[in-house]
Each structure stands twice: as structure tokens, then as C-alpha cells.
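Next comes input-v1.cif, with mmCIF, C-alpha atoms, pLDDT in the B column; chains and numbers go by the auth columns.
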```
data_my_file
#
loop_
_atom_site.group_PDB
_atom_site.id
_atom_site.type_symbol
_atom_site.label_atom_id
_atom_site.label_comp_id
_atom_site.label_asym_id
_atom_site.label_seq_id
_atom_site.Cartn_x
_atom_site.Cartn_y
_atom_site.Cartn_z
_atom_site.B_iso_or_equiv
_atom_site.auth_seq_id
_atom_site.auth_asym_id
ATOM 1 C CA MET A 1 -22.087 36.463 52.967 94.00 1 P
ATOM 2 C CA VAL A 2 -19.108 37.622 50.926 97.00 2 P
ATOM 3 C CA ASP A 3 -18.648 38.192 47.192 97.00 3 P
ATOM 4 C CA VAL A 4 -15.928 35.543 46.770 97.00 4 P
ATOM 5 C CA ALA A 5 -15.645 32.340 48.787 97.00 5 P
ATOM 6 C CA GLU A 6 -14.606 29.553 46.451 97.00 6 P
ATOM 7 C CA TRP A 7 -12.640 26.373 46.516 97.00 7 P
ATOM 8 C CA ASP A 8 -11.005 24.293 43.812 96.00 8 P
ATOM 9 C CA LEU A 9 -9.661 20.750 44.106 94.00 9 P
ATOM 10 C CA THR A 10 -8.064 20.623 40.637 93.00 10 P
ATOM 11 C CA GLU A 11 -4.451 20.947 41.818 92.00 11 P
ATOM 12 C CA GLY A 12 -4.404 20.281 45.534 96.00 12 P
ATOM 13 C CA LEU A 13 -6.786 22.571 47.403 98.00 13 P
ATOM 14 C CA THR A 14 -7.126 26.241 46.542 98.00 14 P
ATOM 15 C CA LEU A 15 -9.285 28.421 48.800 98.00 15 P
ATOM 16 C CA ARG A 16 -10.189 31.713 47.103 98.00 16 P
ATOM 17 C CA PHE A 17 -11.529 34.819 48.840 98.00 17 P
ATOM 18 C CA GLY A 18 -11.937 38.490 47.947 98.00 18 P
ATOM 19 C CA THR A 19 -9.578 41.248 49.078 98.00 19 P
ATOM 20 C CA LYS A 20 -12.260 43.203 50.955 97.00 20 P
ATOM 21 C CA PRO A 21 -13.164 40.580 53.569 98.00 21 P
ATOM 22 C CA ALA A 22 -9.769 38.843 53.663 98.00 22 P
ATOM 23 C CA GLU A 23 -8.376 40.638 56.703 98.00 23 P
ATOM 24 C CA ARG A 24 -11.680 40.267 58.591 98.00 24 P
ATOM 25 C CA ILE A 25 -11.765 36.531 57.829 98.00 25 P
ATOM 26 C CA GLY A 26 -8.234 36.151 59.206 98.00 26 P
ATOM 27 C CA ARG A 27 -9.069 38.063 62.403 98.00 27 P
ATOM 28 C CA THR A 28 -12.234 36.037 62.885 98.00 28 P
ATOM 29 C CA LEU A 29 -10.383 32.748 62.415 98.00 29 P
ATOM 30 C CA ARG A 30 -7.846 33.892 65.040 98.00 30 P
ATOM 31 C CA GLY A 31 -10.679 34.739 67.437 98.00 31 P
ATOM 32 C CA ARG A 32 -12.652 31.536 66.971 98.00 32 P
ATOM 33 C CA LEU A 33 -10.568 28.459 66.124 98.00 33 P
ATOM 34 C CA PRO A 34 -8.308 28.486 69.241 98.00 34 P
ATOM 35 C CA PHE A 35 -11.452 28.495 71.390 98.00 35 P
ATOM 36 C CA GLY A 36 -13.124 25.542 69.670 98.00 36 P
ATOM 37 C CA TYR A 37 -15.458 27.507 67.393 98.00 37 P
ATOM 38 C CA GLY A 38 -15.713 27.207 63.624 98.00 38 P
ATOM 39 C CA LEU A 39 -16.346 29.777 60.908 98.00 39 P
ATOM 40 C CA LEU A 40 -18.469 29.478 57.757 98.00 40 P
ATOM 41 C CA VAL A 41 -17.557 31.839 54.904 98.00 41 P
ATOM 42 C CA ALA A 42 -20.201 31.752 52.162 97.00 42 P
ATOM 43 C CA SER A 43 -20.746 33.393 48.804 96.00 43 P
ATOM 44 C CA ALA A 44 -23.674 32.973 46.438 94.00 44 P
ATOM 45 C CA GLN A 45 -21.827 30.133 44.666 92.00 45 P
ATOM 46 C CA GLN A 46 -19.901 28.161 47.308 95.00 46 P
ATOM 47 C CA ALA A 47 -19.057 28.034 50.998 97.00 47 P
ATOM 48 C CA VAL A 48 -15.999 27.118 53.062 98.00 48 P
ATOM 49 C CA GLY A 49 -16.285 26.054 56.675 98.00 49 P
ATOM 50 C CA PHE A 50 -13.243 26.180 58.953 98.00 50 P
ATOM 51 C CA LEU A 51 -13.125 23.976 62.052 98.00 51 P
ATOM 52 C CA PRO A 52 -10.460 23.509 64.729 98.00 52 P
ATOM 53 C CA ALA A 53 -8.937 20.029 64.653 98.00 53 P
ATOM 54 C CA ASP A 54 -5.949 17.932 65.648 98.00 54 P
ATOM 55 C CA GLU A 55 -5.198 17.057 62.013 97.00 55 P
ATOM 56 C CA PHE A 56 -5.813 18.742 58.669 97.00 56 P
ATOM 57 C CA SER A 57 -8.611 17.474 56.459 97.00 57 P
ATOM 58 C CA ALA A 58 -10.878 18.844 53.748 97.00 58 P
ATOM 59 C CA GLU A 59 -14.235 17.257 52.994 97.00 59 P
ATOM 60 C CA GLN A 60 -16.993 18.283 50.621 95.00 60 P
ATOM 61 C CA SER A 61 -20.518 17.738 51.890 93.00 61 P
ATOM 62 C CA GLU A 62 -23.490 16.834 49.716 89.00 62 P
ATOM 63 C CA ASP A 63 -24.769 20.420 49.964 89.00 63 P
ATOM 64 C CA GLY A 64 -21.557 21.776 48.395 85.00 64 P
ATOM 65 C CA ILE A 65 -19.881 23.130 51.515 96.00 65 P
ATOM 66 C CA LEU A 66 -16.180 22.376 51.853 98.00 66 P
ATOM 67 C CA THR A 67 -15.257 21.801 55.499 98.00 67 P
ATOM 68 C CA VAL A 68 -11.592 22.410 56.239 98.00 68 P
ATOM 69 C CA SER A 69 -10.226 21.179 59.563 98.00 69 P
ATOM 70 C CA ILE A 70 -7.289 23.293 60.759 98.00 70 P
ATOM 71 C CA PRO A 71 -4.769 22.127 63.380 98.00 71 P
ATOM 72 C CA ASP A 72 -3.423 24.687 65.870 97.00 72 P
ATOM 73 C CA ALA A 73 0.065 24.461 64.353 97.00 73 P
ATOM 74 C CA ALA A 74 -1.227 25.849 61.023 98.00 74 P
ATOM 75 C CA LEU A 75 -3.319 28.704 62.412 98.00 75 P
ATOM 76 C CA ASP A 76 -0.667 31.464 62.423 98.00 76 P
ATOM 77 C CA GLU A 77 0.304 30.812 58.806 98.00 77 P
ATOM 78 C CA LEU A 78 -3.343 30.570 57.738 98.00 78 P
ATOM 79 C CA VAL A 79 -4.269 33.877 59.376 98.00 79 P
ATOM 80 C CA ALA A 80 -1.198 35.572 57.846 98.00 80 P
ATOM 81 C CA ALA A 81 -2.383 34.529 54.366 98.00 81 P
ATOM 82 C CA PHE A 82 -5.575 36.586 54.731 98.00 82 P
ATOM 83 C CA ARG A 83 -4.142 39.955 53.712 97.00 83 P
ATOM 84 C CA PRO A 84 -6.206 42.501 51.742 97.00 84 P
ATOM 85 C CA VAL A 85 -3.806 42.166 48.796 97.00 85 P
ATOM 86 C CA ALA A 86 -4.365 39.988 45.728 98.00 86 P
ATOM 87 C CA GLY A 87 -2.014 37.022 45.520 98.00 87 P
ATOM 88 C CA ARG A 88 -1.478 33.322 46.153 98.00 88 P
ATOM 89 C CA THR A 89 0.018 31.895 49.353 98.00 89 P
ATOM 90 C CA PRO A 90 1.007 28.217 49.396 98.00 90 P
ATOM 91 C CA MET A 91 0.652 26.921 52.944 98.00 91 P
ATOM 92 C CA THR A 92 3.832 25.170 54.110 98.00 92 P
ATOM 93 C CA SER A 93 2.078 23.891 57.242 97.00 93 P
ATOM 94 C CA LEU A 94 -0.745 22.440 55.110 97.00 94 P
ATOM 95 C CA PRO A 95 0.944 20.792 52.089 95.00 95 P
ATOM 96 C CA GLY A 96 -1.107 21.057 48.927 97.00 96 P
ATOM 97 C CA VAL A 97 -3.223 23.960 50.228 98.00 97 P
ATOM 98 C CA THR A 98 -3.083 27.435 48.684 98.00 98 P
ATOM 99 C CA ILE A 99 -4.917 30.541 49.843 98.00 99 P
ATOM 100 C CA GLU A 100 -5.714 32.862 46.944 98.00 100 P
ATOM 101 C CA ILE A 101 -6.902 36.418 47.522 98.00 101 P
ATOM 102 C CA VAL A 102 -8.522 38.010 44.453 98.00 102 P
#
```

Encoding of this model in C-alpha cells:
Amino acid sequence: MVDVAEWDLTEGLTLRFGTKPAERIGRTLRGRLPFGYGLLVASAQQAVGFLPADEFSAEQSEDGILTVSIPDAALDELVAAFRPVAGRTPMTSLPGVTIEIV
């Protein structure tokens, strides 16, 4: 569990994570998604699940978990967005998706 793992669908999709675990999340995504394994990042308020996929999608389940399917072509850019520095990174390989580190 992390302090900040949030998502917002107000303007596209914004995935928000804290600076402390950001780099670790990126490394873990790099070590899991290419091998067919997902990753669930949860806070006390919300959770984001990342899954490997052929095409991008984002779906909210009834229990409040947002599942984001990530194609291989977007993985490098996604991992690069998880820096331990506050800021917003719009994902060019996933139009409408922004990674925000707070």
C-alpha cells in the first residue's frame, strides 16, 4: 500500500502517485508487464491495476479499482514517467492519459 494512488476521469485519465514510491512503481512495471504479469498499486482511498495488453483500455470495476491495460509500445514512456519528482507527464503513446507525481 502507498500513500497516494489515485485516478481521475474528469479530463481524460489522470493517474496520480506519490514521489516516494514512483521510481519503485516504474521499476516494478518494467519487471512485470513484459512477462505477462500485472501490478496493483493501492492507497487507502483508491487503487490502480496495470495489466499487459495488446491495446490500451481503462475500466473501473464495481469495487472502485481502475484497471489500466498497457500495450508493449507504451511501456517505455510509462516507466519513464515514474520519476521521484513532482510533475505531470502527458503520455503521447496513450492519448488522453497523464501521469501525475505529487

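The residue set within 6 Å of Thr67 (chain P), counting only C-alpha atoms and dropping same-chain residues fewer than 6 places from it, reads Val48, Gly49, Phe50, Ala58 and Glu59 of chain P.
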
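In this comparison, which uses only C-alpha atoms, the residue of P:Ala81, P:Leu51, P:Thr98, P:Thr89 approaching Gly12 (chain P) most closely is P:Thr98.
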
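The result of the PyMOL selection byres ((chain P and resi 39-41) around 10) on the shown file is Met1, Val2, Val4, Ala5, Glu6, Phe17, Pro21, Ile25, Thr28, Leu29, Gly31, Arg32, Leu33, Tyr37, Gly38, Ala42, Ser43, Gln46, Ala47, Val48, Gly49, Phe50, Leu51, Pro52, Ile65, Leu66, Thr67 and Val68 of chain P.
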
Expected selection from the PyMOL selection byres ((chain P and resi 56) around 12), given as a ChimeraX atom specification: /P:13,50-55,57-59,67-75,91,93-97

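Across P:Thr92, P:Phe35, P:Gln45, P:Val102, the tightest approach to Gly64 (chain P) is made by P:Gln45 when counting only C-alpha atoms.
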
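The gap separating CA of Leu78 (chain P) from CA of Gln60 (chain P) is 19.7 Å, in Å to one decimal.
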
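Proximity to Arg83 (chain P) was assessed for P:Gly36, P:Arg30, P:Glu62, P:Lys20 counting all atoms listed in the file; the smallest distance is recorded for P:Lys20.
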
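You will find CA of Ala80 (chain P) at 29.1 Å from CA of Asp63 (chain P).
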
Test item: residues at most 8 Å from Ala86 (chain P), only C-alpha atoms, excluding those fewer than 4 positions along its chain, as a list in words: Thr19, Glu100, Ile101 and Val102 of chain P

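Between CA of Arg24 (chain P) and CA of Thr10 (chain P) there is a distance of 26.9 Å.
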
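Of the residues under consideration (P:Trp7, P:Ile99, P:Ala22, P:Leu15), P:Ile99 shows the shortest atom-to-atom contact distance to Glu77 (chain P) when counting all atoms listed in the file.
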
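Closest approach to Arg16 (chain P) among P:Ala44, P:Ser61, P:Gly87, P:Pro34 is made by P:Gly87 (distances from all atoms listed in the file).
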
Starting from 5 Å padding per side, set up an axis-aligned box that covers all listed atoms of region 63-82 of chain P and hand over centre and edge lengths in Å, one decimal, as lines of an AutoDock Vina configuration file.
```
center_x = -12.2
center_y = 28.5
center_z = 57.1
size_x = 35.1
size_y = 26.2
size_z = 27.5
```
